[in-house]
$ cat model13.cif   # mmCIF, N, CA and C atoms
data_data
loop_
_atom_site.label_atom_id
_atom_site.label_comp_id
_atom_site.auth_asym_id
_atom_site.auth_seq_id
_atom_site.Cartn_x
_atom_site.Cartn_y
_atom_site.Cartn_z
N GLN A 1 -5.66 -3.27 13.32
CA GLN A 1 -5.08 -2.46 12.28
C GLN A 1 -3.68 -2.02 12.70
N VAL A 2 -2.94 -1.55 11.72
CA VAL A 2 -1.57 -1.11 11.99
C VAL A 2 -1.60 0.24 12.69
N GLN A 3 -0.80 0.34 13.74
CA GLN A 3 -0.64 1.61 14.44
C GLN A 3 0.84 1.85 14.72
N LEU A 4 1.26 3.08 14.44
CA LEU A 4 2.58 3.55 14.83
C LEU A 4 2.35 4.76 15.71
N VAL A 5 2.83 4.70 16.95
CA VAL A 5 2.57 5.77 17.90
C VAL A 5 3.89 6.35 18.38
N GLU A 6 4.14 7.60 17.99
CA GLU A 6 5.36 8.29 18.41
C GLU A 6 5.15 8.96 19.76
N SER A 7 6.23 9.08 20.51
CA SER A 7 6.20 9.79 21.78
C SER A 7 7.60 10.33 22.07
N GLY A 8 7.68 11.23 23.05
CA GLY A 8 8.97 11.74 23.48
C GLY A 8 9.31 13.13 23.00
N GLY A 9 8.46 13.71 22.18
CA GLY A 9 8.73 15.07 21.72
C GLY A 9 8.53 16.08 22.83
N GLY A 10 8.90 17.33 22.53
CA GLY A 10 8.74 18.38 23.51
C GLY A 10 9.58 19.58 23.19
N LEU A 11 9.69 20.47 24.17
CA LEU A 11 10.47 21.70 24.05
C LEU A 11 11.82 21.49 24.73
N VAL A 12 12.89 21.81 24.02
CA VAL A 12 14.23 21.64 24.56
C VAL A 12 15.08 22.83 24.14
N GLN A 13 16.05 23.18 24.96
CA GLN A 13 16.95 24.27 24.61
C GLN A 13 18.01 23.80 23.63
N PRO A 14 18.56 24.71 22.85
CA PRO A 14 19.67 24.34 21.95
C PRO A 14 20.78 23.66 22.73
N GLY A 15 21.31 22.59 22.14
CA GLY A 15 22.34 21.80 22.80
C GLY A 15 21.79 20.68 23.65
N GLY A 16 20.49 20.65 23.84
CA GLY A 16 19.86 19.62 24.66
C GLY A 16 19.63 18.33 23.89
N SER A 17 18.99 17.38 24.59
CA SER A 17 18.75 16.06 24.02
C SER A 17 17.30 15.64 24.22
N LEU A 18 16.84 14.81 23.32
CA LEU A 18 15.54 14.16 23.43
C LEU A 18 15.66 12.76 22.84
N THR A 19 14.83 11.85 23.35
CA THR A 19 14.73 10.53 22.74
C THR A 19 13.29 10.29 22.32
N LEU A 20 13.10 10.07 21.03
CA LEU A 20 11.79 9.75 20.49
C LEU A 20 11.62 8.23 20.44
N SER A 21 10.39 7.80 20.65
CA SER A 21 10.05 6.39 20.54
C SER A 21 8.89 6.24 19.57
N CYS A 22 8.85 5.13 18.89
CA CYS A 22 7.73 4.80 18.00
C CYS A 22 7.36 3.35 18.27
N ALA A 23 6.20 3.16 18.87
CA ALA A 23 5.72 1.82 19.19
C ALA A 23 4.78 1.34 18.09
N ALA A 24 5.07 0.17 17.56
CA ALA A 24 4.29 -0.37 16.45
C ALA A 24 3.41 -1.52 16.92
N SER A 25 2.24 -1.62 16.32
CA SER A 25 1.35 -2.75 16.59
C SER A 25 0.59 -3.09 15.32
N GLY A 26 0.12 -4.34 15.23
CA GLY A 26 -0.67 -4.75 14.09
C GLY A 26 0.13 -5.13 12.86
N LEU A 27 1.44 -5.24 13.00
CA LEU A 27 2.29 -5.65 11.87
C LEU A 27 3.44 -6.50 12.39
N ALA A 28 4.03 -7.27 11.48
CA ALA A 28 5.20 -8.07 11.82
C ALA A 28 6.41 -7.14 11.82
N PHE A 29 6.66 -6.53 12.95
CA PHE A 29 7.61 -5.43 13.05
C PHE A 29 8.98 -5.77 12.49
N SER A 30 9.48 -6.94 12.77
CA SER A 30 10.84 -7.29 12.37
C SER A 30 10.99 -7.46 10.86
N THR A 31 9.89 -7.45 10.12
CA THR A 31 9.96 -7.57 8.67
C THR A 31 9.90 -6.21 7.98
N TYR A 32 9.86 -5.14 8.76
CA TYR A 32 9.77 -3.79 8.21
C TYR A 32 11.03 -2.99 8.52
N ALA A 33 11.54 -2.33 7.49
CA ALA A 33 12.53 -1.29 7.74
C ALA A 33 11.81 -0.11 8.37
N MET A 34 12.54 0.63 9.19
CA MET A 34 11.93 1.76 9.89
C MET A 34 12.70 3.03 9.62
N GLY A 35 11.98 4.12 9.62
CA GLY A 35 12.62 5.41 9.39
C GLY A 35 11.98 6.50 10.22
N TRP A 36 12.77 7.52 10.49
CA TRP A 36 12.27 8.75 11.10
C TRP A 36 12.32 9.86 10.04
N TRP A 37 11.25 10.60 9.94
CA TRP A 37 11.13 11.72 9.02
C TRP A 37 10.72 12.94 9.84
N ARG A 38 10.87 14.11 9.24
CA ARG A 38 10.42 15.31 9.93
C ARG A 38 9.88 16.31 8.92
N GLN A 39 9.02 17.19 9.42
CA GLN A 39 8.46 18.24 8.58
C GLN A 39 8.36 19.51 9.40
N ALA A 40 9.08 20.52 8.94
CA ALA A 40 9.03 21.84 9.56
C ALA A 40 7.95 22.67 8.87
N PRO A 41 7.42 23.69 9.54
CA PRO A 41 6.37 24.51 8.93
C PRO A 41 6.82 25.10 7.60
N GLY A 42 5.99 24.92 6.58
CA GLY A 42 6.28 25.48 5.27
C GLY A 42 7.32 24.72 4.47
N LYS A 43 7.75 23.59 4.98
CA LYS A 43 8.78 22.82 4.28
C LYS A 43 8.27 21.41 3.97
N ALA A 44 8.94 20.77 3.03
CA ALA A 44 8.57 19.41 2.67
C ALA A 44 9.06 18.43 3.75
N ARG A 45 8.37 17.32 3.84
CA ARG A 45 8.80 16.27 4.77
C ARG A 45 10.13 15.70 4.27
N GLU A 46 11.05 15.46 5.19
CA GLU A 46 12.37 14.96 4.81
C GLU A 46 12.78 13.78 5.68
N SER A 47 13.55 12.90 5.08
CA SER A 47 14.04 11.74 5.80
C SER A 47 15.16 12.16 6.75
N VAL A 48 15.13 11.62 7.95
CA VAL A 48 16.13 11.94 8.96
C VAL A 48 17.07 10.74 9.20
N ALA A 49 16.48 9.58 9.40
CA ALA A 49 17.29 8.40 9.73
C ALA A 49 16.55 7.15 9.29
N PHE A 50 17.32 6.11 9.00
CA PHE A 50 16.77 4.85 8.52
C PHE A 50 17.49 3.71 9.21
N ILE A 51 16.73 2.63 9.48
CA ILE A 51 17.35 1.43 10.04
C ILE A 51 16.73 0.22 9.37
N ASP A 52 17.55 -0.76 9.04
CA ASP A 52 17.01 -1.91 8.33
C ASP A 52 16.30 -2.86 9.31
N ARG A 53 15.78 -3.96 8.76
CA ARG A 53 14.91 -4.82 9.56
C ARG A 53 15.61 -5.42 10.77
N SER A 54 16.88 -5.74 10.62
CA SER A 54 17.61 -6.37 11.72
C SER A 54 18.28 -5.37 12.66
N GLY A 55 18.39 -4.14 12.20
CA GLY A 55 19.09 -3.12 12.98
C GLY A 55 20.57 -3.06 12.69
N SER A 56 21.03 -3.79 11.70
CA SER A 56 22.46 -3.85 11.42
C SER A 56 22.93 -2.74 10.48
N ALA A 57 22.02 -2.09 9.80
CA ALA A 57 22.40 -1.03 8.88
C ALA A 57 21.57 0.21 9.15
N THR A 58 22.23 1.35 9.19
CA THR A 58 21.56 2.63 9.42
C THR A 58 22.11 3.66 8.45
N ASN A 59 21.33 4.70 8.20
CA ASN A 59 21.89 5.87 7.55
C ASN A 59 21.14 7.11 7.98
N TYR A 60 21.76 8.25 7.76
CA TYR A 60 21.27 9.52 8.29
C TYR A 60 21.43 10.62 7.26
N ARG A 61 20.55 11.63 7.36
CA ARG A 61 20.80 12.80 6.53
C ARG A 61 22.02 13.51 7.08
N ASP A 62 22.73 14.22 6.20
CA ASP A 62 24.01 14.80 6.58
C ASP A 62 23.91 15.73 7.79
N SER A 63 22.83 16.49 7.87
CA SER A 63 22.73 17.52 8.91
C SER A 63 22.58 16.95 10.32
N VAL A 64 22.28 15.66 10.44
CA VAL A 64 22.11 15.07 11.78
C VAL A 64 23.18 14.04 12.09
N LYS A 65 24.03 13.74 11.14
CA LYS A 65 25.09 12.75 11.37
C LYS A 65 25.96 13.16 12.56
N GLY A 66 26.23 12.21 13.44
CA GLY A 66 27.02 12.48 14.63
C GLY A 66 26.22 13.04 15.78
N ARG A 67 24.97 13.42 15.54
CA ARG A 67 24.12 13.96 16.61
C ARG A 67 22.93 13.05 16.91
N PHE A 68 22.39 12.40 15.90
CA PHE A 68 21.21 11.55 16.06
C PHE A 68 21.61 10.08 15.91
N THR A 69 20.92 9.21 16.65
CA THR A 69 21.15 7.77 16.56
C THR A 69 19.81 7.04 16.51
N ILE A 70 19.64 6.23 15.48
CA ILE A 70 18.43 5.42 15.36
C ILE A 70 18.74 3.99 15.80
N THR A 71 17.86 3.43 16.62
CA THR A 71 17.98 2.04 17.05
C THR A 71 16.59 1.42 17.05
N ARG A 72 16.57 0.11 17.15
CA ARG A 72 15.28 -0.58 17.23
C ARG A 72 15.39 -1.76 18.17
N ASP A 73 14.26 -2.12 18.76
CA ASP A 73 14.15 -3.29 19.61
C ASP A 73 13.03 -4.14 19.05
N ASN A 74 13.36 -5.16 18.30
CA ASN A 74 12.33 -5.97 17.65
C ASN A 74 11.50 -6.76 18.67
N ALA A 75 12.04 -7.02 19.84
CA ALA A 75 11.27 -7.70 20.87
C ALA A 75 10.18 -6.81 21.45
N LYS A 76 10.40 -5.50 21.39
CA LYS A 76 9.42 -4.53 21.91
C LYS A 76 8.65 -3.83 20.80
N ASN A 77 8.91 -4.19 19.55
CA ASN A 77 8.22 -3.56 18.42
C ASN A 77 8.36 -2.04 18.46
N THR A 78 9.56 -1.57 18.77
CA THR A 78 9.78 -0.15 18.97
C THR A 78 11.06 0.31 18.28
N VAL A 79 10.98 1.49 17.69
CA VAL A 79 12.15 2.14 17.12
C VAL A 79 12.37 3.46 17.86
N TYR A 80 13.63 3.82 18.02
CA TYR A 80 13.99 5.00 18.81
C TYR A 80 14.82 5.96 17.97
N LEU A 81 14.79 7.22 18.36
CA LEU A 81 15.68 8.21 17.78
C LEU A 81 16.26 9.03 18.93
N GLN A 82 17.53 8.80 19.22
CA GLN A 82 18.24 9.59 20.21
C GLN A 82 18.77 10.83 19.52
N MET A 83 18.39 11.99 20.02
CA MET A 83 18.79 13.25 19.40
C MET A 83 19.59 14.07 20.41
N ASP A 84 20.84 14.31 20.08
CA ASP A 84 21.74 15.08 20.94
C ASP A 84 22.15 16.36 20.25
N ASP A 85 22.64 17.30 21.03
CA ASP A 85 23.11 18.58 20.50
C ASP A 85 22.08 19.19 19.55
N LEU A 86 20.87 19.27 20.02
CA LEU A 86 19.77 19.76 19.18
C LEU A 86 19.97 21.22 18.82
N LYS A 87 19.53 21.56 17.62
CA LYS A 87 19.65 22.91 17.09
C LYS A 87 18.27 23.44 16.72
N PRO A 88 18.11 24.75 16.67
CA PRO A 88 16.80 25.30 16.29
C PRO A 88 16.29 24.76 14.95
N ASP A 89 17.20 24.48 14.02
CA ASP A 89 16.79 23.94 12.71
C ASP A 89 16.22 22.53 12.81
N ASP A 90 16.38 21.88 13.96
CA ASP A 90 15.79 20.55 14.15
C ASP A 90 14.30 20.63 14.52
N THR A 91 13.80 21.83 14.75
CA THR A 91 12.40 22.00 15.10
C THR A 91 11.51 21.52 13.97
N ALA A 92 10.61 20.59 14.29
CA ALA A 92 9.73 20.00 13.28
C ALA A 92 8.79 19.01 13.98
N VAL A 93 7.82 18.54 13.22
CA VAL A 93 7.05 17.37 13.63
C VAL A 93 7.81 16.15 13.12
N TYR A 94 8.06 15.21 14.02
CA TYR A 94 8.81 14.01 13.68
C TYR A 94 7.86 12.83 13.54
N TYR A 95 8.02 12.10 12.44
CA TYR A 95 7.16 10.96 12.12
C TYR A 95 8.01 9.69 11.99
N CYS A 96 7.45 8.57 12.39
CA CYS A 96 8.10 7.32 12.06
C CYS A 96 7.35 6.65 10.92
N LYS A 97 8.10 5.90 10.14
CA LYS A 97 7.54 5.19 8.99
C LYS A 97 8.04 3.77 8.97
N ALA A 98 7.11 2.86 8.72
CA ALA A 98 7.45 1.45 8.53
C ALA A 98 7.29 1.13 7.05
N SER A 99 8.27 0.45 6.48
CA SER A 99 8.18 0.15 5.05
C SER A 99 8.66 -1.26 4.76
N SER A 100 7.95 -1.89 3.82
CA SER A 100 8.31 -3.22 3.35
C SER A 100 7.86 -3.31 1.90
N GLY A 101 8.81 -3.26 0.98
CA GLY A 101 8.46 -3.21 -0.43
C GLY A 101 7.65 -1.97 -0.72
N PHE A 102 6.47 -2.14 -1.30
CA PHE A 102 5.61 -1.01 -1.63
C PHE A 102 4.65 -0.66 -0.51
N ILE A 103 4.72 -1.37 0.59
CA ILE A 103 3.83 -1.11 1.72
C ILE A 103 4.51 -0.16 2.69
N GLU A 104 3.79 0.85 3.13
CA GLU A 104 4.33 1.75 4.13
C GLU A 104 3.22 2.25 5.03
N TYR A 105 3.61 2.48 6.28
CA TYR A 105 2.70 3.02 7.29
C TYR A 105 3.40 4.18 8.00
N TRP A 106 2.58 5.16 8.39
CA TRP A 106 3.10 6.35 9.06
C TRP A 106 2.44 6.51 10.42
N GLY A 107 3.20 7.08 11.35
CA GLY A 107 2.62 7.49 12.61
C GLY A 107 2.01 8.87 12.49
N GLN A 108 1.47 9.35 13.61
CA GLN A 108 0.77 10.63 13.59
C GLN A 108 1.69 11.81 13.86
N GLY A 109 2.90 11.53 14.32
CA GLY A 109 3.88 12.57 14.52
C GLY A 109 3.96 13.07 15.95
N THR A 110 5.13 13.60 16.30
CA THR A 110 5.34 14.21 17.60
C THR A 110 6.16 15.48 17.41
N GLN A 111 5.76 16.54 18.09
CA GLN A 111 6.40 17.85 17.88
C GLN A 111 7.70 17.94 18.68
N VAL A 112 8.73 18.39 18.01
CA VAL A 112 10.01 18.72 18.66
C VAL A 112 10.28 20.19 18.41
N THR A 113 10.46 20.95 19.47
CA THR A 113 10.76 22.37 19.37
C THR A 113 12.05 22.65 20.10
N VAL A 114 13.00 23.23 19.38
CA VAL A 114 14.30 23.57 19.95
C VAL A 114 14.40 25.09 20.01
N SER A 115 14.37 25.62 21.21
CA SER A 115 14.33 27.07 21.37
C SER A 115 14.81 27.44 22.76
N SER A 116 15.44 28.60 22.82
CA SER A 116 15.86 29.12 24.13
C SER A 116 14.80 30.05 24.70
#

$ encode --input "model13.cif" --output "structure tokens"
Amino acid sequence: QVQLVESGGGLVQPGGSLTLSCAASGLAFSTYAMGWWRQAPGKARESVAFIDRSGSATNYRDSVKGRFTITRDNAKNTVYLQMDDLKPDDTAVYYCKASSGFIEYWGQGTQVTVSS
């Protein structure tokens, strides 16, 4: 079955960095666009970053532009989110999503907490 497993979350001070990973299995990874989403307590889930199937096109929500970088390694079936200059507002559960047409799969999420 399809599995997306996120890792790399944790507690970090404001201004710090974290790198999230999402390892995929059970799907033809290179045929799926990948995205990172997040959900803070009491808020709706929101898109953070997107990368196309080849890794040649990316986009980001405005609040993370210049601070977050999404990349993928199709040979390792893994997508990454490098997060720099983290802010308390970045605190959330981060999820990866694989999508191809109307098909989508979600991971279970990893907690990121930015606090001093």

$ select_by_dssp --input "model13.cif" --residues "chain A" --states "strand (DSSP E or B)" --output "ChimeraX atom specification"
/A:3-7,10-12,18-25,33-39,46-51,58-60,68-73,78-83,92-100,103-106,110-114

$ atom_distance --input "model13.cif" --atom1 "atom CA of A:Ala44" --atom2 "atom CA of A:Tyr105"
18.0 Å

$ residues_around --input "model13.cif" --residues "A:Leu4" --least-positions-apart "2" --cutoff "8 Å" --atoms "only N, CA and C atoms" --output "number ranges by chain"
A: 1-2, 6-7, 21-26, 96-98, 105-109

$ write_last_selection --input "model13.cif" --atoms "N, CA and C atoms" --output "PDB file, in the coordinates of the input"
ATOM      1  N   GLN A   1      -5.660  -3.270  13.320  1.00  0.00           N
ATOM      2  CA  GLN A   1      -5.080  -2.460  12.280  1.00  0.00           C
ATOM      3  C   GLN A   1      -3.680  -2.020  12.700  1.00  0.00           C
ATOM      4  N   VAL A   2      -2.940  -1.550  11.720  1.00  0.00           N
ATOM      5  CA  VAL A   2      -1.570  -1.110  11.990  1.00  0.00           C
ATOM      6  C   VAL A   2      -1.600   0.240  12.690  1.00  0.00           C
ATOM      7  N   GLU A   6       4.140   7.600  17.990  1.00  0.00           N
ATOM      8  CA  GLU A   6       5.360   8.290  18.410  1.00  0.00           C
ATOM      9  C   GLU A   6       5.150   8.960  19.760  1.00  0.00           C
ATOM     10  N   SER A   7       6.230   9.080  20.510  1.00  0.00           N
ATOM     11  CA  SER A   7       6.200   9.790  21.780  1.00  0.00           C
ATOM     12  C   SER A   7       7.600  10.330  22.070  1.00  0.00           C
ATOM     13  N   SER A  21      10.390   7.800  20.650  1.00  0.00           N
ATOM     14  CA  SER A  21      10.050   6.390  20.540  1.00  0.00           C
ATOM     15  C   SER A  21       8.890   6.240  19.570  1.00  0.00           C
ATOM     16  N   CYS A  22       8.850   5.130  18.890  1.00  0.00           N
ATOM     17  CA  CYS A  22       7.730   4.800  18.000  1.00  0.00           C
ATOM     18  C   CYS A  22       7.360   3.350  18.270  1.00  0.00           C
ATOM     19  N   ALA A  23       6.200   3.160  18.870  1.00  0.00           N
ATOM     20  CA  ALA A  23       5.720   1.820  19.190  1.00  0.00           C
ATOM     21  C   ALA A  23       4.780   1.340  18.090  1.00  0.00           C
ATOM     22  N   ALA A  24       5.070   0.170  17.560  1.00  0.00           N
ATOM     23  CA  ALA A  24       4.290  -0.370  16.450  1.00  0.00           C
ATOM     24  C   ALA A  24       3.410  -1.520  16.920  1.00  0.00           C
ATOM     25  N   SER A  25       2.240  -1.620  16.320  1.00  0.00           N
ATOM     26  CA  SER A  25       1.350  -2.750  16.590  1.00  0.00           C
ATOM     27  C   SER A  25       0.590  -3.090  15.320  1.00  0.00           C
ATOM     28  N   GLY A  26       0.120  -4.340  15.230  1.00  0.00           N
ATOM     29  CA  GLY A  26      -0.670  -4.750  14.090  1.00  0.00           C
ATOM     30  C   GLY A  26       0.130  -5.130  12.860  1.00  0.00           C
ATOM     31  N   CYS A  96       7.450   8.570  12.390  1.00  0.00           N
ATOM     32  CA  CYS A  96       8.100   7.320  12.060  1.00  0.00           C
ATOM     33  C   CYS A  96       7.350   6.650  10.920  1.00  0.00           C
ATOM     34  N   LYS A  97       8.100   5.900  10.140  1.00  0.00           N
ATOM     35  CA  LYS A  97       7.540   5.190   8.990  1.00  0.00           C
ATOM     36  C   LYS A  97       8.040   3.770   8.970  1.00  0.00           C
ATOM     37  N   ALA A  98       7.110   2.860   8.720  1.00  0.00           N
ATOM     38  CA  ALA A  98       7.450   1.450   8.530  1.00  0.00           C
ATOM     39  C   ALA A  98       7.290   1.130   7.050  1.00  0.00           C
ATOM     40  N   TYR A 105       3.610   2.480   6.280  1.00  0.00           N
ATOM     41  CA  TYR A 105       2.700   3.020   7.290  1.00  0.00           C
ATOM     42  C   TYR A 105       3.400   4.180   8.000  1.00  0.00           C
ATOM     43  N   TRP A 106       2.580   5.160   8.390  1.00  0.00           N
ATOM     44  CA  TRP A 106       3.100   6.350   9.060  1.00  0.00           C
ATOM     45  C   TRP A 106       2.440   6.510  10.420  1.00  0.00           C
ATOM     46  N   GLY A 107       3.200   7.080  11.350  1.00  0.00           N
ATOM     47  CA  GLY A 107       2.620   7.490  12.610  1.00  0.00           C
ATOM     48  C   GLY A 107       2.010   8.870  12.490  1.00  0.00           C
ATOM     49  N   GLN A 108       1.470   9.350  13.610  1.00  0.00           N
ATOM     50  CA  GLN A 108       0.770  10.630  13.590  1.00  0.00           C
ATOM     51  C   GLN A 108       1.690  11.810  13.860  1.00  0.00           C
ATOM     52  N   GLY A 109       2.900  11.530  14.320  1.00  0.00           N
ATOM     53  CA  GLY A 109       3.880  12.570  14.520  1.00  0.00           C
ATOM     54  C   GLY A 109       3.960  13.070  15.950  1.00  0.00           C
TER      55      GLY A 109
END

$ closest_residue --input "model13.cif" --among "A:Leu11, A:Thr19, A:Gln3, A:Glu104" --to "A:Met83" --atoms "all atoms listed in the file"
A:Thr19

$ resolve_selection --input "model13.cif" --expression "the PyMOL selection byres ((chain A and resi 33-39) around 5)" --output "count of residues only"
22

$ closest_residue --input "model13.cif" --among "A:Asp90, A:Asp62, A:Asp85, A:Ser115" --to "A:Gly15" --atoms "only C-alpha atoms"
A:Asp85

$ resolve_selection --input "model13.cif" --expression "the PyMOL selection byres ((chain A and resi 13) around 7)" --output "mmCIF file with N, CA and C atoms, keeping the file's coordinate frame"
data_model
loop_
_atom_site.group_PDB
_atom_site.id
_atom_site.type_symbol
_atom_site.label_atom_id
_atom_site.label_comp_id
_atom_site.auth_asym_id
_atom_site.auth_seq_id
_atom_site.Cartn_x
_atom_site.Cartn_y
_atom_site.Cartn_z
ATOM 1 N N LEU A 11 9.690 20.470 24.170
ATOM 2 C CA LEU A 11 10.470 21.700 24.050
ATOM 3 C C LEU A 11 11.820 21.490 24.730
ATOM 4 N N VAL A 12 12.890 21.810 24.020
ATOM 5 C CA VAL A 12 14.230 21.640 24.560
ATOM 6 C C VAL A 12 15.080 22.830 24.140
ATOM 7 N N PRO A 14 18.560 24.710 22.850
ATOM 8 C CA PRO A 14 19.670 24.340 21.950
ATOM 9 C C PRO A 14 20.780 23.660 22.730
ATOM 10 N N GLY A 15 21.310 22.590 22.140
ATOM 11 C CA GLY A 15 22.340 21.800 22.800
ATOM 12 C C GLY A 15 21.790 20.680 23.650
ATOM 13 N N GLY A 16 20.490 20.650 23.840
ATOM 14 C CA GLY A 16 19.860 19.620 24.660
ATOM 15 C C GLY A 16 19.630 18.330 23.890
ATOM 16 N N SER A 17 18.990 17.380 24.590
ATOM 17 C CA SER A 17 18.750 16.060 24.020
ATOM 18 C C SER A 17 17.300 15.640 24.220
ATOM 19 N N LEU A 86 20.870 19.270 20.020
ATOM 20 C CA LEU A 86 19.770 19.760 19.180
ATOM 21 C C LEU A 86 19.970 21.220 18.820
ATOM 22 N N LYS A 87 19.530 21.560 17.620
ATOM 23 C CA LYS A 87 19.650 22.910 17.090
ATOM 24 C C LYS A 87 18.270 23.440 16.720
ATOM 25 N N THR A 113 10.460 20.950 19.470
ATOM 26 C CA THR A 113 10.760 22.370 19.370
ATOM 27 C C THR A 113 12.050 22.650 20.100
ATOM 28 N N VAL A 114 13.000 23.230 19.380
ATOM 29 C CA VAL A 114 14.300 23.570 19.950
ATOM 30 C C VAL A 114 14.400 25.090 20.010
ATOM 31 N N SER A 115 14.370 25.620 21.210
ATOM 32 C CA SER A 115 14.330 27.070 21.370
ATOM 33 C C SER A 115 14.810 27.440 22.760
ATOM 34 N N SER A 116 15.440 28.600 22.820
ATOM 35 C CA SER A 116 15.860 29.120 24.130
ATOM 36 C C SER A 116 14.800 30.050 24.700
#

$ atom_distance --input "model13.cif" --atom1 "atom CA of A:Phe29" --atom2 "atom CA of A:Thr91"
27.9 Å

$ resolve_selection --input "model13.cif" --expression "the PyMOL selection byres ((chain A and resi 70) around 6.5)" --output "PyMOL selection string"
chain A and resi 49-51+68-69+71-72+80-82

$ atom_distance --input "model13.cif" --atom1 "atom N of A:Pro88" --atom2 "atom C of A:Val112"
9.2 Å

$ axis_aligned_box --input "model13.cif" --around "stretch 35-49 of chain A" --padding-each-side "4 Å" --output "JSON"
{"center_x": 11.6, "center_y": 14.8, "center_z": 6.9, "size_x": 19.3, "size_y": 29.4, "size_z": 16.4}

$ closest_residue --input "model13.cif" --among "A:Gln111, A:Leu18, A:Ala28, A:Lys43" --to "A:Asp84" --atoms "all atoms listed in the file"
A:Leu18

$ select_by_dssp --input "model13.cif" --residues "stretch 23-92 of chain A" --states "helix (DSSP H, G or I)" --output "list in words"
Phe29, Ser30, Thr31, Asp62, Ser63, Val64, Pro88, Asp89 and Asp90 of chain A

$ write_last_selection --input "model13.cif" --atoms "N, CA and C atoms" --output "PDB file, in the frame of the given file"
ATOM      1  N   PHE A  29       6.660  -6.530  12.950  1.00  0.00           N
ATOM      2  CA  PHE A  29       7.610  -5.430  13.050  1.00  0.00           C
ATOM      3  C   PHE A  29       8.980  -5.770  12.490  1.00  0.00           C
ATOM      4  N   SER A  30       9.480  -6.940  12.770  1.00  0.00           N
ATOM      5  CA  SER A  30      10.840  -7.290  12.370  1.00  0.00           C
ATOM      6  C   SER A  30      10.990  -7.460  10.860  1.00  0.00           C
ATOM      7  N   THR A  31       9.890  -7.450  10.120  1.00  0.00           N
ATOM      8  CA  THR A  31       9.960  -7.570   8.670  1.00  0.00           C
ATOM      9  C   THR A  31       9.900  -6.210   7.980  1.00  0.00           C
ATOM     10  N   ASP A  62      22.730  14.220   6.200  1.00  0.00           N
ATOM     11  CA  ASP A  62      24.010  14.800   6.580  1.00  0.00           C
ATOM     12  C   ASP A  62      23.910  15.730   7.790  1.00  0.00           C
ATOM     13  N   SER A  63      22.830  16.490   7.870  1.00  0.00           N
ATOM     14  CA  SER A  63      22.730  17.520   8.910  1.00  0.00           C
ATOM     15  C   SER A  63      22.580  16.950  10.320  1.00  0.00           C
ATOM     16  N   VAL A  64      22.280  15.660  10.440  1.00  0.00           N
ATOM     17  CA  VAL A  64      22.110  15.070  11.780  1.00  0.00           C
ATOM     18  C   VAL A  64      23.180  14.040  12.090  1.00  0.00           C
ATOM     19  N   PRO A  88      18.110  24.750  16.670  1.00  0.00           N
ATOM     20  CA  PRO A  88      16.800  25.300  16.290  1.00  0.00           C
ATOM     21  C   PRO A  88      16.290  24.760  14.950  1.00  0.00           C
ATOM     22  N   ASP A  89      17.200  24.480  14.020  1.00  0.00           N
ATOM     23  CA  ASP A  89      16.790  23.940  12.710  1.00  0.00           C
ATOM     24  C   ASP A  89      16.220  22.530  12.810  1.00  0.00           C
ATOM     25  N   ASP A  90      16.380  21.880  13.960  1.00  0.00           N
ATOM     26  CA  ASP A  90      15.790  20.550  14.150  1.00  0.00           C
ATOM     27  C   ASP A  90      14.300  20.630  14.520  1.00  0.00           C
TER      28      ASP A  90
END
